[in-house]
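Undergrad: This is the structure, below, for whatever I ask next.
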Amino acid sequence: MELSKAYSHSEVEAKWYRHWNDLGAFRPSDSSASHFSMVIPPPNVTGSLHMGHALNNTLQDTLCRYKRMDGYRVLWVPGTDHAGIATQNVVERQLAEKGLSRSQLGREKFVQRVWAWRMEAGGTILHQLKALGVSCDWSHERFTMDEGLSMAVIEAFVRLWEDGLLYRAERLINWCPRCKTALADIEVVHEEVNGHLWHIRYPLVDQPARGLVVATTRPETMLGDTAVAVHPDDPRYRNFIGKKLRLPIVEREIPVIADTFVDQSFGTGALKITPAHDFNDFEIGEKHGLKKINIFDAEARITPEAFVEEAGQEPAWLHRYRGKQRYEAREIIVEELKKSGLLEKMDGYRHAVGKCYRCSTPIEPYLTPQWFIKIKPLAEPAIEAVRDGRIKVTPEGWSNSYFAWMENIKDWCISRQIWWGHQIPAWYCKACDGGKLLETGEGDYMLARDARPIVGREPPNRCSSCGGNSFLQDPDVLDTWFSSALWPFSTLGWPKQTEDLKRFYPTSVLVTGFDILFFWVARMIMMGLKFMADVPFRHVYIHALVRDQEGQKMSKSKGNVIDPLEVMERYGTDAFRFTLAALAAMGRDIKLAEERIVGYQNFVNKLWNAARFVLMNLSPGQRSEQNLADSLRGNELNLPDQWILSRLATTVGNAREAIDSYRFNEFAHHLYQFTWHEFCDWYIEMSKLSLNGTIKDDPLKTQRVLATVLENILLLLHPLIPFVTEEIWQVLRERLGPGKQVMPGGIEDSTIMLQPYPRPRPEWMQPEADERIGFLMEVTRAIRNLRAEMNCAPSKEVKVILFGGEQNLAFLRSQEPYLRALARASSVDYLTKGERPRGAATAVVGETEIYLPLGEMINLEEEKTRLSRELSRAEEELARVQRKLGNGEFVAKAKEEVVRREKEKAEEFEDKIRTLNLSLGRLREVEQAGEKP
RNA sequence: AGGCACGUAGCUCAGUGGGAGAGCGCUUCCUUGACACGGAAGAGGUCGGCGGUUCAAUCCCGCCCGUGCCUACCA
């Protein structure tokens with residue numbers, strides 16, 4: 001098989017993904033080796049692949065592939081969650097297009113409809129993940145609404161109930177009037193908006209001419225006001241405490257109460273209290289025994305019930321408000337207050353408004369019976385698990401956010417008034433509680449707060465109080481995050497004690513973004529400890545968010561979204577994955593610009609071409625490692641061979657260290673650097689001399705070194721760029737012949753995926769070779785530099801004259817063919833003493849002086865300028881070093897090694913200055929003599 | 001309001017208590033038998049500002065300015 005001149009990803013990726021899948025390479029091996037397991041953060045079943053998923057899964061896949069190659073028994077569980085509200089919204093929108101609503105369909109038919117949608121369209125994102133190359137075990141794919149996982153949800157719910165950690169209560173909760181459901185506190189996103197602060201006068205009942213002025217951002221809620229609070233120490237209002245006010249419009253008499261919660265300096269210092277529609281007011285109301293008047297229905301429209309109940313009949317003013325949306329009602333109220341002269345003023349005011357995280361509708365605090373988890377008893381052990389290191393969070397800084405949140409955690413509202421999800425396993429006796437049923441909309445109902453739930457794994461047979469046998473299931477479903485919290489063990493079979501569960505729980509690591517630290521990570525830890533009595537994962541690696549190149553969060557509305565699928569199509573999945581990993585520095589967001597991807601596409605191509613070079617120079621039948629071992633024994637390796645193997649050994653160590661500590665960017669960087677700037681730039685160039693017979697060397701040995709290093713590069717890079725490495729490896733393997741079969745008849749030898757990951761080879765480390773080649777490279781660069789400065793065409797060969805110490809010169813002489821080839825020198829002279837050439841371009845490397853007698857090509861003025869610049873640089877450096885060395889305290893207190901280095905530096909710079917001065921002197925002589933150099 | 005990050009080359013970002021780095025971009029030169037998705041060389045930085053600790057600070061500490069994020073009940 002021949003490789004084409006440029007790498008073409010489009011022909012390669014699908015082929016190898018299928019190959020891996022067909023081989024069963026994604027499944028855990030049968031070995032008894034150590035286990036490594038991960039669960040995927042389940043993407044939303046309605047979702048499609050975005051940059052966040054791409055990053056998240058690239059990192060996970062890199063880890064999995066690395067661990068698998070490194071001999072672990074790897075399980076990576078894929079799947080999706082049912083995304084209750086989001087999915088229900090999607091299907092409701094589809095129904096709406098046909099003019100249908102879910103209440104028209106009824107609960108059962110609607111849920112069937114959602115299942116149909118899920119079967120048809122719900123798996124998109126998993127297919128997209130395959131394009132990314134993820135090596136999940138698809139035979140383990142799970143969905144939070146699967147039978148097994150649903151059983152886990154019921155089991156968890158019932159156990160929490162039995163342990164007294166669940167309760168049902170009427171509380172003020174966050175209500176989305178569009179989704180018509182309760183939300184948990186963290187499902188509310190706070191957004192700054194430009195609003196107003198209205199100042200409204202509430203007259204005293206006794207003296208209507210006097211009154212209190214309250215300040216509010218939500219005048220419409222005044223319909224539900226049951227008090228006005230002032231600070232007990234506020235001298236302005238002390239006399240009002242205990243007096244009655246007449247609430248405008250409603251005419252309700254409400255008391256002025258004293259509470260230290262009130263901030264005297266804010267607004268007017270008088271706070272209207274609406275216990276049924278504001279969280280603070282609710283608490284104050286509880287404290288002072290105030291009535292809670294609910295003025296809204298489930299869609300946040302003004303509803304008459306409370307007013308009718310209060311007045312015994314519908315009050316006259318109500319018709320103007322009845323059925324009006326909150327913001328319409330606000331306008332009417334403001335208008336009405338203006339007319340009656342009670343609106344004192346209206347200021348512009350910027351404040352935060354809570355919105356639904358699914359649909360951005362402003363949240364309404366709403367008084368309804370809901371299910372809550374008593375969270376403190378669960379949070380405490382979960383805090384402890386992170387504090388005592390049973391769970392390690394990387395980067396560590398996130399553990400502070402975790403502690404802060406967990407320590408102030410509030411009970412978790414887990415009931416949702418939607419239909420798509422796990423219906424709560426609680427029933428109510430129709431005989432006892434049938435009268436407590438409240439219709440809340442077509443097909444929707446709610447049970448009053450004092451209804452008595454019977455919780456169980458199965459519907460009850462008989463009511464324990466009345467003996468009745470007719471029951472009604474609680475209509476609510478559970479928060480999707482409730483089932484997600486069980487994911488690390490429900491996917492492994494819990495509550496059944498399966499083999500998977502025994503083997504793979506706790507999972508090794510969880511890789512996720514910080515945005516779901518509270519939604520998910522914290523809750524998994526709590527549930528894992530509760531039900532499995534062990535942490536759900538040993539490590540949490542938290543990665544950044546992907547933003548656009550301006551650092552903005554990508555969003556459809558901003559139009560700055562980069563579609564990962566398009567990127568993969570255009571630049572190749574490998575280039576894309578490499579880019580994400582290379583940018584994934586810890587604790588920093590990723591600003592993704594397409595140029596970066598192009599850069600790494602070039603890297604993939606560079607690797608491809610390096611492979612082409614190795615392959616086109618490879619005689620068949622070499623099994624690289626084995627024969628290389630022979631070469632090493634035979635001491636046949638020349639200096640560049642030793643050097644590249646030494647660098648390889650170092651790189652293996654660096655790469656492993658980086659990935660073992662989740663430093664993906666360093667992992668990528670080390671491999672990039674070694675592949676391109678050591679292997680390609682230097683070793684391949686040097687190897688050409690052996691291959692083409694310029695130097696006397698065994699070309700077969702050089703081929704083996706080339707093949708060995710290439711194979712190692714492929715293995716090292718495979719976790720990051722799986723496709724191109726497989727493509728090359730397959731050709732290489734075909735050329736080299738079969739390697740050692742790990743298992744006779746096993747699949748290991750038919751994919752790079754299952755090759756052992758390179759291990760550090762201390763015996764390949766050659767510090768001396770590193771140093772020597774380093775010196776050779778420096779001299780080479782110096783000569784190239786001179787040539788470029790002198791505008792000496794690369795095609796033109798030049799003579800090189802070296803002055804220096806005997807040892808260095810002897811070494812350079814021994815490597816002369818390389819020097820000549822790399823620096824394009826026609827000849828090299830080695831002199832330890834004597835007259836330096838006049839009018840030659842000069843450079844200094846350590847104690848070695850380099851002269852290029854370029855004759856006519858040298859522009860005296862330019863060369864003088866250049867040398868002067870070099871000289872002044874060297875002088876500045878020397879001055880700085882001498883200042884240090886002249887400082888007695890530095891010499892006395894700094895580490896010995898540091899002082900020694902500074903002294904060496906001083907000598908080097910002195911040498912350099914001396915040489916440069918001599919060169920400049922010679923140039924001036926030439927100039928004065930008017931000689932042609 | 002509190003908390004946490006961040007501010008380093010034109011851009012995007014690594015990094016470190018003792019000689020400032022990468023990728024891209026830019027300039028000059030080069031189609032040399034792996035690669036022009038390439039090669040060689042180069043220019044470019046008071047490491048946000050001001051103080052402090054230290055023999056030594058881009059790095060540690062404090063304050064300030066700027067940016068971003070998270071959390072929060074100031075109507």
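Identifiers in the structure tokens: chain A, B, ... in order shown; residue index from 1 per chain; ligand index from 1 in order shown.
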Would you kindly report the residues of chain A within 8 Å of chain B, using only C-alpha atoms (C1' of nucleotides), as a VMD selection string?

TA: chain A and resid 5 to 6 215 to 217 263 266 to 267 271 to 272 279 to 280 405 549 583 585 587 591 593 595 to 596 599 601 to 603 605 to 606 609 to 614 784 to 785 788 to 789 791 793 to 795 887 to 894 898

Undergrad: As a VMD selection string, list the residues of region 228-365 of chain A assigned to alpha helix (DSSP H) by DSSP on the backbone atoms of this structure.

TA: chain A and resid 279 to 288 305 to 311 326 to 340

Undergrad: What separation in Å, quoted to one decimal, exists between CA of Ala658 (chain A) and CA of Gln766 (chain A)?

TA: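 Distance reported for this atom pair: 21.9 Å.
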
Undergrad: Kindly indicate which residue among B:A1, B:A43, B:A57, B:C64 lies nearest to G17 (chain B), using only C-alpha atoms (C1' of nucleotides) for the distances.

TA: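 Ranked by minimum distance to G17 (chain B), first place goes to B:A57.
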
Undergrad: In region 23-181 of chain A, what's strand (DSSP E or B) per DSSP? Answer as a list in words?

TA: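 The strand (DSSP E or B) residues within region 23-181 of chain A come out as His35, Phe36, Ser37, Met38, Val39, Asn44, Arg73, Val74, Leu75, Trp76, Val77, Gly79, Thr80, Asp81, Arg142, Phe143, Leu166, Tyr167, Arg168, Ala169, Glu170, Arg171, Leu172, Ile173, Asn174, Trp175, Cys176 and Thr181 of chain A.
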
Undergrad: The selected residues should be written to file as a short mmCIF file (atom, residue, chain, number, x, y, z; two decimals), in the first residue's frame (atoms: C-alpha atoms).

TA:
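Saved to part_35.cif:
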data_model
loop_
_atom_site.label_atom_id
_atom_site.label_comp_id
_atom_site.auth_asym_id
_atom_site.auth_seq_id
_atom_site.Cartn_x
_atom_site.Cartn_y
_atom_site.Cartn_z
CA HIS A 35 -10.12 -1.86 35.83
CA PHE A 36 -10.63 1.58 34.46
CA SER A 37 -14.19 2.76 34.10
CA MET A 38 -16.02 5.93 33.23
CA VAL A 39 -19.60 6.89 32.60
CA ASN A 44 -29.61 15.50 26.63
CA ARG A 73 -9.64 -3.37 31.42
CA VAL A 74 -11.61 -0.36 30.23
CA LEU A 75 -15.33 0.25 30.35
CA TRP A 76 -16.76 3.51 29.11
CA VAL A 77 -20.54 3.62 29.39
CA GLY A 79 -25.98 6.98 26.93
CA THR A 80 -28.39 9.88 27.17
CA ASP A 81 -30.77 11.32 29.70
CA ARG A 142 -28.14 3.31 28.59
CA PHE A 143 -31.03 5.76 28.72
CA LEU A 166 -38.19 12.70 51.52
CA TYR A 167 -41.15 14.87 52.34
CA ARG A 168 -44.06 16.49 50.65
CA ALA A 169 -44.89 20.05 51.62
CA GLU A 170 -46.47 23.23 50.42
CA ARG A 171 -43.72 25.72 49.92
CA LEU A 172 -42.92 28.66 47.81
CA ILE A 173 -41.00 27.23 44.88
CA ASN A 174 -39.63 28.47 41.58
CA TRP A 175 -42.38 28.10 39.05
CA CYS A 176 -42.05 28.44 35.31
CA THR A 181 -43.78 23.19 36.50
#

Undergrad: Give me, as a list in words, all polymer residues having an atom no more than 12 Å from A20 (chain B), counting only C-alpha atoms (C1' of nucleotides) and skipping those fewer than 5 positions away in the same chain.

TA: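 Once the nearby chain positions are removed, what remains is U8, A9, G15, G45, C47, U58 and C59 of chain B.
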
Undergrad: Considering only C-alpha atoms, can you say which of A:Gly421, A:Pro536, A:Pro235, A:Gly71 comes closest to Met753 (chain A)?

TA: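 Going through A:Gly421, A:Pro536, A:Pro235, A:Gly71 one by one, the smallest distance to Met753 (chain A) is for A:Gly71.
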
Undergrad: Identify, on the basis of only C-alpha atoms (C1' of nucleotides), every residue whose closest approach to Thr303 (chain A) does not exceed 7 Å; exclude the query and any residue fewer than 5 positions from it along the same chain; express the result as a PyMOL selection string.

TA: chain A and resi 295-297+322-323

Undergrad: Go ahead and dump the residues you just picked, N, CA, C and O atoms, as a PDB file, in the first residue's frame.

TA:
ATOM      1  N   ILE A 295     -52.245  35.107  44.050  1.00  0.00           N
ATOM      2  CA  ILE A 295     -53.022  35.901  43.078  1.00  0.00           C
ATOM      3  C   ILE A 295     -52.911  35.367  41.655  1.00  0.00           C
ATOM      4  O   ILE A 295     -53.549  35.877  40.749  1.00  0.00           O
ATOM      5  N   PHE A 296     -52.046  34.357  41.446  1.00  0.00           N
ATOM      6  CA  PHE A 296     -51.824  33.879  40.065  1.00  0.00           C
ATOM      7  C   PHE A 296     -52.284  32.445  39.877  1.00  0.00           C
ATOM      8  O   PHE A 296     -52.241  31.634  40.799  1.00  0.00           O
ATOM      9  N   ASP A 297     -52.642  32.131  38.633  1.00  0.00           N
ATOM     10  CA  ASP A 297     -52.849  30.734  38.281  1.00  0.00           C
ATOM     11  C   ASP A 297     -51.530  30.169  37.755  1.00  0.00           C
ATOM     12  O   ASP A 297     -50.497  30.842  37.784  1.00  0.00           O
ATOM     13  N   ARG A 322     -58.728  40.329  36.110  1.00  0.00           N
ATOM     14  CA  ARG A 322     -59.029  38.916  35.974  1.00  0.00           C
ATOM     15  C   ARG A 322     -58.469  38.337  34.675  1.00  0.00           C
ATOM     16  O   ARG A 322     -58.713  38.841  33.597  1.00  0.00           O
ATOM     17  N   GLY A 323     -57.660  37.263  34.782  1.00  0.00           N
ATOM     18  CA  GLY A 323     -57.126  36.581  33.600  1.00  0.00           C
ATOM     19  C   GLY A 323     -55.987  37.299  32.901  1.00  0.00           C
ATOM     20  O   GLY A 323     -55.481  36.843  31.883  1.00  0.00           O
TER      21      GLY A 323
END

Undergrad: Name the closest residue to His351 (chain A) among the candidates A:Gly195, A:Pro459, A:Gly224, A:Pro275; distances are taken between atoms, counting only C-alpha atoms.

TA: A:Gly195

Undergrad: Would you mind listing what lies within 9 Å of Val91 (chain A) as a PDB file with N, CA and C atoms, in the first residue's frame, with only C-alpha atoms (C1' of nucleotides) counted and same-chain residues fewer than 2 positions away left out?

TA:
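Produced file around.pdb, reproduced below:
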ATOM      1  N   ALA A  86     -37.133  19.622  28.536  1.00  0.00           N
ATOM      2  CA  ALA A  86     -36.699  19.939  27.179  1.00  0.00           C
ATOM      3  C   ALA A  86     -37.387  19.031  26.168  1.00  0.00           C
ATOM      4  N   THR A  87     -37.438  17.749  26.468  1.00  0.00           N
ATOM      5  CA  THR A  87     -38.035  16.807  25.524  1.00  0.00           C
ATOM      6  C   THR A  87     -39.538  17.034  25.397  1.00  0.00           C
ATOM      7  N   GLN A  88     -40.157  17.261  26.539  1.00  0.00           N
ATOM      8  CA  GLN A  88     -41.592  17.537  26.487  1.00  0.00           C
ATOM      9  C   GLN A  88     -41.858  18.787  25.643  1.00  0.00           C
ATOM     10  N   ASN A  89     -41.012  19.779  25.795  1.00  0.00           N
ATOM     11  CA  ASN A  89     -41.166  21.001  24.998  1.00  0.00           C
ATOM     12  C   ASN A  89     -41.059  20.712  23.510  1.00  0.00           C
ATOM     13  N   ARG A  93     -44.087  21.269  20.904  1.00  0.00           N
ATOM     14  CA  ARG A  93     -43.968  22.175  19.756  1.00  0.00           C
ATOM     15  C   ARG A  93     -44.415  21.484  18.476  1.00  0.00           C
ATOM     16  N   GLN A  94     -44.011  20.216  18.350  1.00  0.00           N
ATOM     17  CA  GLN A  94     -44.440  19.456  17.166  1.00  0.00           C
ATOM     18  C   GLN A  94     -45.964  19.325  17.134  1.00  0.00           C
ATOM     19  N   LEU A  95     -46.537  19.070  18.294  1.00  0.00           N
ATOM     20  CA  LEU A  95     -47.997  18.953  18.358  1.00  0.00           C
ATOM     21  C   LEU A  95     -48.653  20.276  17.997  1.00  0.00           C
ATOM     22  N   ALA A  96     -48.083  21.336  18.499  1.00  0.00           N
ATOM     23  CA  ALA A  96     -48.670  22.656  18.264  1.00  0.00           C
ATOM     24  C   ALA A  96     -48.740  22.971  16.778  1.00  0.00           C
ATOM     25  N   ARG A 102     -51.034  18.899  24.462  1.00  0.00           N
ATOM     26  CA  ARG A 102     -50.889  17.622  25.146  1.00  0.00           C
ATOM     27  C   ARG A 102     -52.146  17.262  25.932  1.00  0.00           C
ATOM     28  N   PHE A 110     -49.861  11.073  25.095  1.00  0.00           N
ATOM     29  CA  PHE A 110     -48.773  12.031  24.955  1.00  0.00           C
ATOM     30  C   PHE A 110     -47.427  11.350  25.219  1.00  0.00           C
ATOM     31  N   ARG A 113     -46.355   9.343  22.456  1.00  0.00           N
ATOM     32  CA  ARG A 113     -45.843  10.222  21.407  1.00  0.00           C
ATOM     33  C   ARG A 113     -44.378  10.586  21.656  1.00  0.00           C
ATOM     34  N   VAL A 114     -44.057  10.876  22.919  1.00  0.00           N
ATOM     35  CA  VAL A 114     -42.677  11.239  23.237  1.00  0.00           C
ATOM     36  C   VAL A 114     -41.741  10.046  23.014  1.00  0.00           C
ATOM     37  N   TRP A 117     -41.019   9.741  19.457  1.00  0.00           N
ATOM     38  CA  TRP A 117     -40.030  10.737  19.043  1.00  0.00           C
ATOM     39  C   TRP A 117     -38.625  10.302  19.445  1.00  0.00           C
TER      40      TRP A 117
END

Undergrad: Give me the residues within 9 Å of region 638-652 of chain A as number ranges by chain, counting only C-alpha atoms (C1' of nucleotides) and dropping any in the same chain fewer than 6 places off.

TA: A: 670-671, 674, 678-679, 682-683, 686-687, 697, 702, 705-706, 708-709, 712-713, 716, 758-773, 815

Undergrad: Residues of the last selection are to be written out with C-alpha atoms, as a tab-separated table (two decimals), in the first residue's frame.

TA:
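Writing done, so here's selection_5.tsv:
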chain	number	residue	atom	x	y	z
A	670	HIS	CA	5.25	17.21	24.10
A	671	LEU	CA	4.20	14.92	21.29
A	674	PHE	CA	9.04	15.68	19.54
A	678	GLU	CA	13.07	16.63	16.81
A	679	PHE	CA	12.13	13.65	14.69
A	682	TRP	CA	16.62	16.77	12.73
A	683	TYR	CA	16.59	13.01	12.89
A	686	MET	CA	20.35	13.15	9.56
A	687	SER	CA	19.10	9.69	8.71
A	697	ASP	CA	26.58	3.12	8.25
A	702	THR	CA	18.81	3.27	10.37
A	705	VAL	CA	15.47	3.21	14.19
A	706	LEU	CA	13.21	5.20	11.90
A	708	THR	CA	10.82	2.19	15.80
A	709	VAL	CA	10.55	5.88	16.47
A	712	ASN	CA	6.30	4.80	19.02
A	713	ILE	CA	5.08	8.18	17.84
A	716	LEU	CA	1.94	7.75	21.76
A	758	PRO	CA	5.00	2.91	25.11
A	759	ARG	CA	6.75	2.60	28.43
A	760	PRO	CA	9.71	4.65	29.51
A	761	ARG	CA	12.98	2.99	28.57
A	762	PRO	CA	15.70	4.08	30.93
A	763	GLU	CA	18.22	2.14	28.85
A	764	TRP	CA	17.54	4.48	25.92
A	765	MET	CA	18.38	7.59	27.88
A	766	GLN	CA	21.68	9.06	26.71
A	767	PRO	CA	22.34	12.42	28.31
A	768	GLU	CA	25.69	12.58	26.59
A	769	ALA	CA	24.16	12.10	23.16
A	770	ASP	CA	21.59	14.80	23.99
A	771	GLU	CA	24.36	17.19	24.86
A	772	ARG	CA	26.50	16.40	21.85
A	773	ILE	CA	23.72	16.63	19.31
A	815	GLN	CA	30.29	14.62	12.77

Undergrad: Using Å and a single decimal, report how far CA of Phe514 (chain A) sits from CA of Leu717 (chain A).

TA: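 Between CA of Leu717 (chain A) and CA of Phe514 (chain A) the gap is 27.2 Å.
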